[in-house]
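Q: Before I ask anything, let me first share the structure, which is written out below as structure tokens.
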Amino acid sequence: MEALEPPPIAVRTLECRSPMCRIETEHDDMAQMQQFMQEAFMDPQKRPWNGGVFAMPVSDPDTGKVVVVAYLAREDEELPMPL
């Protein structure tokens, strides 16, 4: 993920289990968040993995920053579907 981050982006948490990883990133504003989403999750030339992804932007009322919570499935694994 470091290769994808412009300097102002902060990785808050990164947790990996056998089927997937959860990554939480912090962005100064929506424009920065959109650039990150495009480069990290949508650009096939820059994506660091071949598995599925679900990413959701949320705001942090304490800091005013934009936070993205993303779940990345490992290759050959599927993201769980809600019931």
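A note on labels: chains of the structure tokens are A, B, ... as shown, every chain counts residues from 1, and ligands are counted from 1 in their shown order.
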Please provide the set of residues having any atom within 6 Å of Val68 (chain A), restricted to only C-alpha atoms, with same-chain residues fewer than 5 positions apart removed, written as a PDB file with all heavy atoms, in the first residue's frame.
A:
ATOM      1  N   GLU A  24      -7.939   0.449   6.604  1.00  0.00           N
ATOM      2  CA  GLU A  24      -8.607   1.713   6.890  1.00  0.00           C
ATOM      3  C   GLU A  24      -7.604   2.828   6.613  1.00  0.00           C
ATOM      4  O   GLU A  24      -6.513   2.840   7.195  1.00  0.00           O
ATOM      5  CB  GLU A  24      -9.045   1.729   8.353  1.00  0.00           C
ATOM      6  CG  GLU A  24      -9.961   2.850   8.710  1.00  0.00           C
ATOM      7  CD  GLU A  24     -10.498   2.704  10.124  1.00  0.00           C
ATOM      8  OE1 GLU A  24     -11.066   1.638  10.453  1.00  0.00           O
ATOM      9  OE2 GLU A  24     -10.328   3.674  10.898  1.00  0.00           O
ATOM     10  N   THR A  25      -7.956   3.722   5.692  1.00  0.00           N
ATOM     11  CA  THR A  25      -7.073   4.829   5.337  1.00  0.00           C
ATOM     12  C   THR A  25      -7.753   6.150   5.635  1.00  0.00           C
ATOM     13  O   THR A  25      -8.975   6.257   5.634  1.00  0.00           O
ATOM     14  CB  THR A  25      -6.683   4.785   3.836  1.00  0.00           C
ATOM     15  OG1 THR A  25      -7.862   4.796   3.034  1.00  0.00           O
ATOM     16  CG2 THR A  25      -5.847   3.557   3.525  1.00  0.00           C
ATOM     17  N   MET A  56     -15.627   1.488   1.192  1.00  0.00           N
ATOM     18  CA  MET A  56     -16.679   2.421   1.559  1.00  0.00           C
ATOM     19  C   MET A  56     -16.079   3.642   2.239  1.00  0.00           C
ATOM     20  O   MET A  56     -15.402   3.506   3.266  1.00  0.00           O
ATOM     21  CB  MET A  56     -17.651   1.746   2.520  1.00  0.00           C
ATOM     22  CG  MET A  56     -18.710   2.676   3.041  1.00  0.00           C
ATOM     23  SD  MET A  56     -19.773   3.283   1.744  1.00  0.00           S
ATOM     24  CE  MET A  56     -21.199   2.316   2.033  1.00  0.00           C
ATOM     25  N   PRO A  57     -16.287   4.836   1.660  1.00  0.00           N
ATOM     26  CA  PRO A  57     -15.818   6.041   2.345  1.00  0.00           C
ATOM     27  C   PRO A  57     -16.792   6.434   3.448  1.00  0.00           C
ATOM     28  O   PRO A  57     -18.007   6.319   3.297  1.00  0.00           O
ATOM     29  CB  PRO A  57     -15.794   7.091   1.231  1.00  0.00           C
ATOM     30  CG  PRO A  57     -16.765   6.616   0.215  1.00  0.00           C
ATOM     31  CD  PRO A  57     -16.817   5.117   0.332  1.00  0.00           C
TER      32      PRO A  57
END
Q: Just asking: which residues within chain A are alpha helix (DSSP H) according to DSSP, as a ChimeraX atom specification?
A: /A:30-37
Q: Put those residues in a file: C-alpha atoms, as a PDB file, in the first residue's frame.
A:
ATOM      1  CA  MET A  30     -12.884  14.001  -0.899  1.00  0.00           C
ATOM      2  CA  ALA A  31     -10.623  14.826  -3.875  1.00  0.00           C
ATOM      3  CA  GLN A  32      -7.665  13.070  -2.247  1.00  0.00           C
ATOM      4  CA  MET A  33      -9.886  10.128  -1.319  1.00  0.00           C
ATOM      5  CA  GLN A  34     -11.209   9.830  -4.888  1.00  0.00           C
ATOM      6  CA  GLN A  35      -7.668   9.845  -6.309  1.00  0.00           C
ATOM      7  CA  PHE A  36      -6.645   7.115  -3.874  1.00  0.00           C
ATOM      8  CA  MET A  37      -9.751   5.007  -4.670  1.00  0.00           C
TER       9      MET A  37
END
Q: Could you pull out the residues in chain A that DSSP calls strand (DSSP E or B) from the backbone, as a PDB file with all heavy atoms, in the first residue's frame?
A:
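Output saved as out_19.pdb:
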ATOM      1  N   ALA A  10      -2.898   8.499   5.290  1.00  0.00           N
ATOM      2  CA  ALA A  10      -2.427   7.711   6.422  1.00  0.00           C
ATOM      3  C   ALA A  10      -3.163   6.381   6.458  1.00  0.00           C
ATOM      4  O   ALA A  10      -4.377   6.338   6.302  1.00  0.00           O
ATOM      5  CB  ALA A  10      -2.669   8.474   7.718  1.00  0.00           C
ATOM      6  N   VAL A  11      -2.433   5.301   6.655  1.00  0.00           N
ATOM      7  CA  VAL A  11      -3.050   4.004   6.871  1.00  0.00           C
ATOM      8  C   VAL A  11      -3.314   3.901   8.364  1.00  0.00           C
ATOM      9  O   VAL A  11      -2.391   3.877   9.167  1.00  0.00           O
ATOM     10  CB  VAL A  11      -2.147   2.848   6.389  1.00  0.00           C
ATOM     11  CG1 VAL A  11      -2.758   1.500   6.738  1.00  0.00           C
ATOM     12  CG2 VAL A  11      -1.905   2.956   4.885  1.00  0.00           C
ATOM     13  N   ARG A  12      -4.589   3.885   8.742  1.00  0.00           N
ATOM     14  CA  ARG A  12      -4.961   3.804  10.155  1.00  0.00           C
ATOM     15  C   ARG A  12      -4.794   2.386  10.686  1.00  0.00           C
ATOM     16  O   ARG A  12      -4.263   2.185  11.766  1.00  0.00           O
ATOM     17  CB  ARG A  12      -6.413   4.223  10.349  1.00  0.00           C
ATOM     18  CG  ARG A  12      -6.669   5.694  10.276  1.00  0.00           C
ATOM     19  CD  ARG A  12      -8.148   5.935  10.503  1.00  0.00           C
ATOM     20  NE  ARG A  12      -8.408   7.281  10.952  1.00  0.00           N
ATOM     21  CZ  ARG A  12      -9.563   7.660  11.448  1.00  0.00           C
ATOM     22  NH1 ARG A  12     -10.554   6.800  11.566  1.00  0.00           N
ATOM     23  NH2 ARG A  12      -9.745   8.902  11.829  1.00  0.00           N
ATOM     24  N   THR A  13      -5.337   1.415   9.951  1.00  0.00           N
ATOM     25  CA  THR A  13      -5.214   0.020  10.358  1.00  0.00           C
ATOM     26  C   THR A  13      -5.065  -0.862   9.129  1.00  0.00           C
ATOM     27  O   THR A  13      -5.533  -0.527   8.048  1.00  0.00           O
ATOM     28  CB  THR A  13      -6.449  -0.476  11.158  1.00  0.00           C
ATOM     29  OG1 THR A  13      -7.604  -0.375  10.338  1.00  0.00           O
ATOM     30  CG2 THR A  13      -6.646   0.305  12.429  1.00  0.00           C
ATOM     31  N   LEU A  14      -4.422  -1.977   9.331  1.00  0.00           N
ATOM     32  CA  LEU A  14      -4.270  -3.001   8.302  1.00  0.00           C
ATOM     33  C   LEU A  14      -4.289  -4.342   9.021  1.00  0.00           C
ATOM     34  O   LEU A  14      -3.416  -4.624   9.838  1.00  0.00           O
ATOM     35  CB  LEU A  14      -2.955  -2.829   7.540  1.00  0.00           C
ATOM     36  CG  LEU A  14      -2.572  -3.923   6.555  1.00  0.00           C
ATOM     37  CD1 LEU A  14      -3.621  -4.080   5.462  1.00  0.00           C
ATOM     38  CD2 LEU A  14      -1.213  -3.619   5.954  1.00  0.00           C
ATOM     39  N   GLU A  15      -5.336  -5.126   8.751  1.00  0.00           N
ATOM     40  CA  GLU A  15      -5.491  -6.433   9.389  1.00  0.00           C
ATOM     41  C   GLU A  15      -5.726  -7.470   8.305  1.00  0.00           C
ATOM     42  O   GLU A  15      -6.565  -7.269   7.437  1.00  0.00           O
ATOM     43  CB  GLU A  15      -6.698  -6.431  10.332  1.00  0.00           C
ATOM     44  CG  GLU A  15      -6.612  -5.427  11.452  1.00  0.00           C
ATOM     45  CD  GLU A  15      -7.912  -5.367  12.241  1.00  0.00           C
ATOM     46  OE1 GLU A  15      -8.574  -6.421  12.387  1.00  0.00           O
ATOM     47  OE2 GLU A  15      -8.269  -4.275  12.683  1.00  0.00           O
ATOM     48  N   CYS A  16      -5.011  -8.561   8.359  1.00  0.00           N
ATOM     49  CA  CYS A  16      -5.201  -9.630   7.379  1.00  0.00           C
ATOM     50  C   CYS A  16      -5.517 -10.943   8.084  1.00  0.00           C
ATOM     51  O   CYS A  16      -4.937 -11.260   9.118  1.00  0.00           O
ATOM     52  CB  CYS A  16      -3.959  -9.797   6.518  1.00  0.00           C
ATOM     53  SG  CYS A  16      -3.693  -8.414   5.388  1.00  0.00           S
ATOM     54  N   MET A  20      -9.197 -12.642   3.705  1.00  0.00           N
ATOM     55  CA  MET A  20      -9.226 -11.247   3.262  1.00  0.00           C
ATOM     56  C   MET A  20      -8.439 -10.344   4.204  1.00  0.00           C
ATOM     57  O   MET A  20      -8.069 -10.740   5.294  1.00  0.00           O
ATOM     58  CB  MET A  20     -10.662 -10.746   3.153  1.00  0.00           C
ATOM     59  CG  MET A  20     -11.333 -10.478   4.476  1.00  0.00           C
ATOM     60  SD  MET A  20     -13.007  -9.861   4.309  1.00  0.00           S
ATOM     61  CE  MET A  20     -13.876 -11.398   4.110  1.00  0.00           C
ATOM     62  N   CYS A  21      -8.239  -9.107   3.729  1.00  0.00           N
ATOM     63  CA  CYS A  21      -7.613  -8.061   4.538  1.00  0.00           C
ATOM     64  C   CYS A  21      -8.584  -6.903   4.694  1.00  0.00           C
ATOM     65  O   CYS A  21      -9.422  -6.656   3.825  1.00  0.00           O
ATOM     66  CB  CYS A  21      -6.344  -7.541   3.869  1.00  0.00           C
ATOM     67  SG  CYS A  21      -5.014  -8.751   3.782  1.00  0.00           S
ATOM     68  N   ARG A  22      -8.461  -6.196   5.811  1.00  0.00           N
ATOM     69  CA  ARG A  22      -9.240  -4.980   6.061  1.00  0.00           C
ATOM     70  C   ARG A  22      -8.245  -3.843   6.205  1.00  0.00           C
ATOM     71  O   ARG A  22      -7.312  -3.911   7.008  1.00  0.00           O
ATOM     72  CB  ARG A  22     -10.057  -5.106   7.345  1.00  0.00           C
ATOM     73  CG  ARG A  22     -10.886  -3.877   7.649  1.00  0.00           C
ATOM     74  CD  ARG A  22     -11.568  -4.021   9.017  1.00  0.00           C
ATOM     75  NE  ARG A  22     -12.433  -2.906   9.312  1.00  0.00           N
ATOM     76  CZ  ARG A  22     -12.038  -1.730   9.782  1.00  0.00           C
ATOM     77  NH1 ARG A  22     -10.748  -1.504  10.013  1.00  0.00           N
ATOM     78  NH2 ARG A  22     -12.909  -0.769  10.037  1.00  0.00           N
ATOM     79  N   ILE A  23      -8.458  -2.786   5.420  1.00  0.00           N
ATOM     80  CA  ILE A  23      -7.568  -1.631   5.444  1.00  0.00           C
ATOM     81  C   ILE A  23      -8.406  -0.390   5.693  1.00  0.00           C
ATOM     82  O   ILE A  23      -9.448  -0.198   5.072  1.00  0.00           O
ATOM     83  CB  ILE A  23      -6.815  -1.483   4.101  1.00  0.00           C
ATOM     84  CG1 ILE A  23      -5.993  -2.734   3.820  1.00  0.00           C
ATOM     85  CG2 ILE A  23      -5.932  -0.241   4.114  1.00  0.00           C
ATOM     86  CD1 ILE A  23      -5.412  -2.775   2.436  1.00  0.00           C
ATOM     87  N   GLU A  24      -7.939   0.449   6.604  1.00  0.00           N
ATOM     88  CA  GLU A  24      -8.607   1.713   6.890  1.00  0.00           C
ATOM     89  C   GLU A  24      -7.604   2.828   6.613  1.00  0.00           C
ATOM     90  O   GLU A  24      -6.513   2.840   7.195  1.00  0.00           O
ATOM     91  CB  GLU A  24      -9.045   1.729   8.353  1.00  0.00           C
ATOM     92  CG  GLU A  24      -9.961   2.850   8.710  1.00  0.00           C
ATOM     93  CD  GLU A  24     -10.498   2.704  10.124  1.00  0.00           C
ATOM     94  OE1 GLU A  24     -11.066   1.638  10.453  1.00  0.00           O
ATOM     95  OE2 GLU A  24     -10.328   3.674  10.898  1.00  0.00           O
ATOM     96  N   THR A  25      -7.956   3.722   5.692  1.00  0.00           N
ATOM     97  CA  THR A  25      -7.073   4.829   5.337  1.00  0.00           C
ATOM     98  C   THR A  25      -7.753   6.150   5.635  1.00  0.00           C
ATOM     99  O   THR A  25      -8.975   6.257   5.634  1.00  0.00           O
ATOM    100  CB  THR A  25      -6.683   4.785   3.836  1.00  0.00           C
ATOM    101  OG1 THR A  25      -7.862   4.796   3.034  1.00  0.00           O
ATOM    102  CG2 THR A  25      -5.847   3.557   3.525  1.00  0.00           C
ATOM    103  N   GLU A  26      -6.944   7.174   5.881  1.00  0.00           N
ATOM    104  CA  GLU A  26      -7.446   8.514   6.214  1.00  0.00           C
ATOM    105  C   GLU A  26      -6.968   9.495   5.157  1.00  0.00           C
ATOM    106  O   GLU A  26      -5.801   9.479   4.762  1.00  0.00           O
ATOM    107  CB  GLU A  26      -6.916   8.923   7.582  1.00  0.00           C
ATOM    108  CG  GLU A  26      -7.406  10.264   8.054  1.00  0.00           C
ATOM    109  CD  GLU A  26      -6.866  10.572   9.424  1.00  0.00           C
ATOM    110  OE1 GLU A  26      -7.371   9.996  10.412  1.00  0.00           O
ATOM    111  OE2 GLU A  26      -5.919  11.379   9.507  1.00  0.00           O
ATOM    112  N   HIS A  27      -7.885  10.365   4.718  1.00  0.00           N
ATOM    113  CA  HIS A  27      -7.603  11.325   3.648  1.00  0.00           C
ATOM    114  C   HIS A  27      -8.032  12.717   4.086  1.00  0.00           C
ATOM    115  O   HIS A  27      -9.023  12.872   4.805  1.00  0.00           O
ATOM    116  CB  HIS A  27      -8.365  10.914   2.381  1.00  0.00           C
ATOM    117  CG  HIS A  27      -8.169   9.467   2.048  1.00  0.00           C
ATOM    118  ND1 HIS A  27      -7.180   9.030   1.213  1.00  0.00           N
ATOM    119  CD2 HIS A  27      -8.807   8.354   2.492  1.00  0.00           C
ATOM    120  CE1 HIS A  27      -7.231   7.706   1.132  1.00  0.00           C
ATOM    121  NE2 HIS A  27      -8.213   7.280   1.905  1.00  0.00           N
ATOM    122  N   VAL A  53     -12.657  -6.605  -4.178  1.00  0.00           N
ATOM    123  CA  VAL A  53     -12.529  -5.500  -3.225  1.00  0.00           C
ATOM    124  C   VAL A  53     -13.898  -4.878  -2.963  1.00  0.00           C
ATOM    125  O   VAL A  53     -14.748  -4.820  -3.847  1.00  0.00           O
ATOM    126  CB  VAL A  53     -11.534  -4.427  -3.734  1.00  0.00           C
ATOM    127  CG1 VAL A  53     -12.034  -3.779  -5.006  1.00  0.00           C
ATOM    128  CG2 VAL A  53     -11.286  -3.379  -2.686  1.00  0.00           C
ATOM    129  N   PHE A  54     -14.106  -4.457  -1.725  1.00  0.00           N
ATOM    130  CA  PHE A  54     -15.248  -3.631  -1.344  1.00  0.00           C
ATOM    131  C   PHE A  54     -14.682  -2.487  -0.535  1.00  0.00           C
ATOM    132  O   PHE A  54     -13.969  -2.709   0.453  1.00  0.00           O
ATOM    133  CB  PHE A  54     -16.256  -4.423  -0.503  1.00  0.00           C
ATOM    134  CG  PHE A  54     -17.348  -3.544   0.042  1.00  0.00           C
ATOM    135  CD1 PHE A  54     -18.408  -3.171  -0.761  1.00  0.00           C
ATOM    136  CD2 PHE A  54     -17.287  -3.064   1.341  1.00  0.00           C
ATOM    137  CE1 PHE A  54     -19.411  -2.338  -0.265  1.00  0.00           C
ATOM    138  CE2 PHE A  54     -18.280  -2.230   1.838  1.00  0.00           C
ATOM    139  CZ  PHE A  54     -19.348  -1.870   1.030  1.00  0.00           C
ATOM    140  N   ALA A  55     -14.964  -1.247  -0.937  1.00  0.00           N
ATOM    141  CA  ALA A  55     -14.456  -0.077  -0.228  1.00  0.00           C
ATOM    142  C   ALA A  55     -15.591   0.909   0.000  1.00  0.00           C
ATOM    143  O   ALA A  55     -16.411   1.143  -0.889  1.00  0.00           O
ATOM    144  CB  ALA A  55     -13.340   0.583  -1.024  1.00  0.00           C
ATOM    145  N   MET A  56     -15.627   1.488   1.192  1.00  0.00           N
ATOM    146  CA  MET A  56     -16.679   2.421   1.559  1.00  0.00           C
ATOM    147  C   MET A  56     -16.079   3.642   2.239  1.00  0.00           C
ATOM    148  O   MET A  56     -15.402   3.506   3.266  1.00  0.00           O
ATOM    149  CB  MET A  56     -17.651   1.746   2.520  1.00  0.00           C
ATOM    150  CG  MET A  56     -18.710   2.676   3.041  1.00  0.00           C
ATOM    151  SD  MET A  56     -19.773   3.283   1.744  1.00  0.00           S
ATOM    152  CE  MET A  56     -21.199   2.316   2.033  1.00  0.00           C
ATOM    153  N   PRO A  57     -16.287   4.836   1.660  1.00  0.00           N
ATOM    154  CA  PRO A  57     -15.818   6.041   2.345  1.00  0.00           C
ATOM    155  C   PRO A  57     -16.792   6.434   3.448  1.00  0.00           C
ATOM    156  O   PRO A  57     -18.007   6.319   3.297  1.00  0.00           O
ATOM    157  CB  PRO A  57     -15.794   7.091   1.231  1.00  0.00           C
ATOM    158  CG  PRO A  57     -16.765   6.616   0.215  1.00  0.00           C
ATOM    159  CD  PRO A  57     -16.817   5.117   0.332  1.00  0.00           C
ATOM    160  N   VAL A  58     -16.236   6.871   4.564  1.00  0.00           N
ATOM    161  CA  VAL A  58     -17.020   7.385   5.692  1.00  0.00           C
ATOM    162  C   VAL A  58     -16.295   8.618   6.218  1.00  0.00           C
ATOM    163  O   VAL A  58     -15.125   8.814   5.942  1.00  0.00           O
ATOM    164  CB  VAL A  58     -17.181   6.332   6.814  1.00  0.00           C
ATOM    165  CG1 VAL A  58     -17.983   5.152   6.347  1.00  0.00           C
ATOM    166  CG2 VAL A  58     -15.843   5.878   7.341  1.00  0.00           C
ATOM    167  N   SER A  59     -16.982   9.444   6.964  1.00  0.00           N
ATOM    168  CA  SER A  59     -16.302  10.609   7.532  1.00  0.00           C
ATOM    169  C   SER A  59     -16.022  10.358   9.005  1.00  0.00           C
ATOM    170  O   SER A  59     -16.721   9.603   9.667  1.00  0.00           O
ATOM    171  CB  SER A  59     -17.139  11.870   7.353  1.00  0.00           C
ATOM    172  OG  SER A  59     -18.358  11.742   8.032  1.00  0.00           O
ATOM    173  N   VAL A  66     -11.727  12.263   5.736  1.00  0.00           N
ATOM    174  CA  VAL A  66     -12.466  11.211   5.056  1.00  0.00           C
ATOM    175  C   VAL A  66     -11.720   9.905   5.289  1.00  0.00           C
ATOM    176  O   VAL A  66     -10.511   9.819   5.079  1.00  0.00           O
ATOM    177  CB  VAL A  66     -12.577  11.494   3.542  1.00  0.00           C
ATOM    178  CG1 VAL A  66     -13.302  10.365   2.841  1.00  0.00           C
ATOM    179  CG2 VAL A  66     -13.276  12.824   3.299  1.00  0.00           C
ATOM    180  N   VAL A  67     -12.441   8.903   5.739  1.00  0.00           N
ATOM    181  CA  VAL A  67     -11.854   7.598   6.035  1.00  0.00           C
ATOM    182  C   VAL A  67     -12.431   6.579   5.050  1.00  0.00           C
ATOM    183  O   VAL A  67     -13.623   6.594   4.768  1.00  0.00           O
ATOM    184  CB  VAL A  67     -12.156   7.174   7.485  1.00  0.00           C
ATOM    185  CG1 VAL A  67     -11.661   5.768   7.769  1.00  0.00           C
ATOM    186  CG2 VAL A  67     -11.544   8.167   8.451  1.00  0.00           C
ATOM    187  N   VAL A  68     -11.580   5.720   4.516  1.00  0.00           N
ATOM    188  CA  VAL A  68     -12.027   4.635   3.646  1.00  0.00           C
ATOM    189  C   VAL A  68     -11.775   3.321   4.371  1.00  0.00           C
ATOM    190  O   VAL A  68     -10.670   3.067   4.842  1.00  0.00           O
ATOM    191  CB  VAL A  68     -11.283   4.638   2.290  1.00  0.00           C
ATOM    192  CG1 VAL A  68     -11.633   3.406   1.478  1.00  0.00           C
ATOM    193  CG2 VAL A  68     -11.608   5.898   1.507  1.00  0.00           C
ATOM    194  N   VAL A  69     -12.820   2.518   4.475  1.00  0.00           N
ATOM    195  CA  VAL A  69     -12.690   1.169   5.012  1.00  0.00           C
ATOM    196  C   VAL A  69     -12.823   0.228   3.821  1.00  0.00           C
ATOM    197  O   VAL A  69     -13.823   0.262   3.105  1.00  0.00           O
ATOM    198  CB  VAL A  69     -13.772   0.867   6.067  1.00  0.00           C
ATOM    199  CG1 VAL A  69     -13.647  -0.559   6.559  1.00  0.00           C
ATOM    200  CG2 VAL A  69     -13.665   1.853   7.221  1.00  0.00           C
ATOM    201  N   ALA A  70     -11.791  -0.570   3.574  1.00  0.00           N
ATOM    202  CA  ALA A  70     -11.782  -1.459   2.414  1.00  0.00           C
ATOM    203  C   ALA A  70     -11.509  -2.892   2.846  1.00  0.00           C
ATOM    204  O   ALA A  70     -10.710  -3.137   3.751  1.00  0.00           O
ATOM    205  CB  ALA A  70     -10.711  -1.013   1.418  1.00  0.00           C
ATOM    206  N   TYR A  71     -12.209  -3.811   2.195  1.00  0.00           N
ATOM    207  CA  TYR A  71     -11.993  -5.242   2.397  1.00  0.00           C
ATOM    208  C   TYR A  71     -11.468  -5.797   1.087  1.00  0.00           C
ATOM    209  O   TYR A  71     -12.067  -5.594   0.037  1.00  0.00           O
ATOM    210  CB  TYR A  71     -13.300  -5.935   2.794  1.00  0.00           C
ATOM    211  CG  TYR A  71     -13.796  -5.481   4.131  1.00  0.00           C
ATOM    212  CD1 TYR A  71     -14.644  -4.385   4.244  1.00  0.00           C
ATOM    213  CD2 TYR A  71     -13.389  -6.127   5.293  1.00  0.00           C
ATOM    214  CE1 TYR A  71     -15.088  -3.954   5.488  1.00  0.00           C
ATOM    215  CE2 TYR A  71     -13.830  -5.697   6.537  1.00  0.00           C
ATOM    216  CZ  TYR A  71     -14.683  -4.610   6.618  1.00  0.00           C
ATOM    217  OH  TYR A  71     -15.109  -4.185   7.842  1.00  0.00           O
ATOM    218  N   LEU A  72     -10.329  -6.475   1.145  1.00  0.00           N
ATOM    219  CA  LEU A  72      -9.690  -7.027  -0.035  1.00  0.00           C
ATOM    220  C   LEU A  72      -9.626  -8.534   0.101  1.00  0.00           C
ATOM    221  O   LEU A  72      -9.016  -9.046   1.041  1.00  0.00           O
ATOM    222  CB  LEU A  72      -8.269  -6.475  -0.189  1.00  0.00           C
ATOM    223  CG  LEU A  72      -8.174  -4.976  -0.442  1.00  0.00           C
ATOM    224  CD1 LEU A  72      -8.184  -4.214   0.858  1.00  0.00           C
ATOM    225  CD2 LEU A  72      -6.934  -4.666  -1.217  1.00  0.00           C
ATOM    226  N   ALA A  73     -10.271  -9.230  -0.826  1.00  0.00           N
ATOM    227  CA  ALA A  73     -10.244 -10.689  -0.811  1.00  0.00           C
ATOM    228  C   ALA A  73      -8.918 -11.174  -1.381  1.00  0.00           C
ATOM    229  O   ALA A  73      -8.381 -10.595  -2.319  1.00  0.00           O
ATOM    230  CB  ALA A  73     -11.398 -11.250  -1.634  1.00  0.00           C
TER     231      ALA A  73
END
Q: Report, in Å with one decimal, the straight-line distance from CA of Gly51 (chain A) to CA of Glu78 (chain A).
A: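 About the pair CA of Gly51 (chain A) and CA of Glu78 (chain A): they are 7.7 Å apart.
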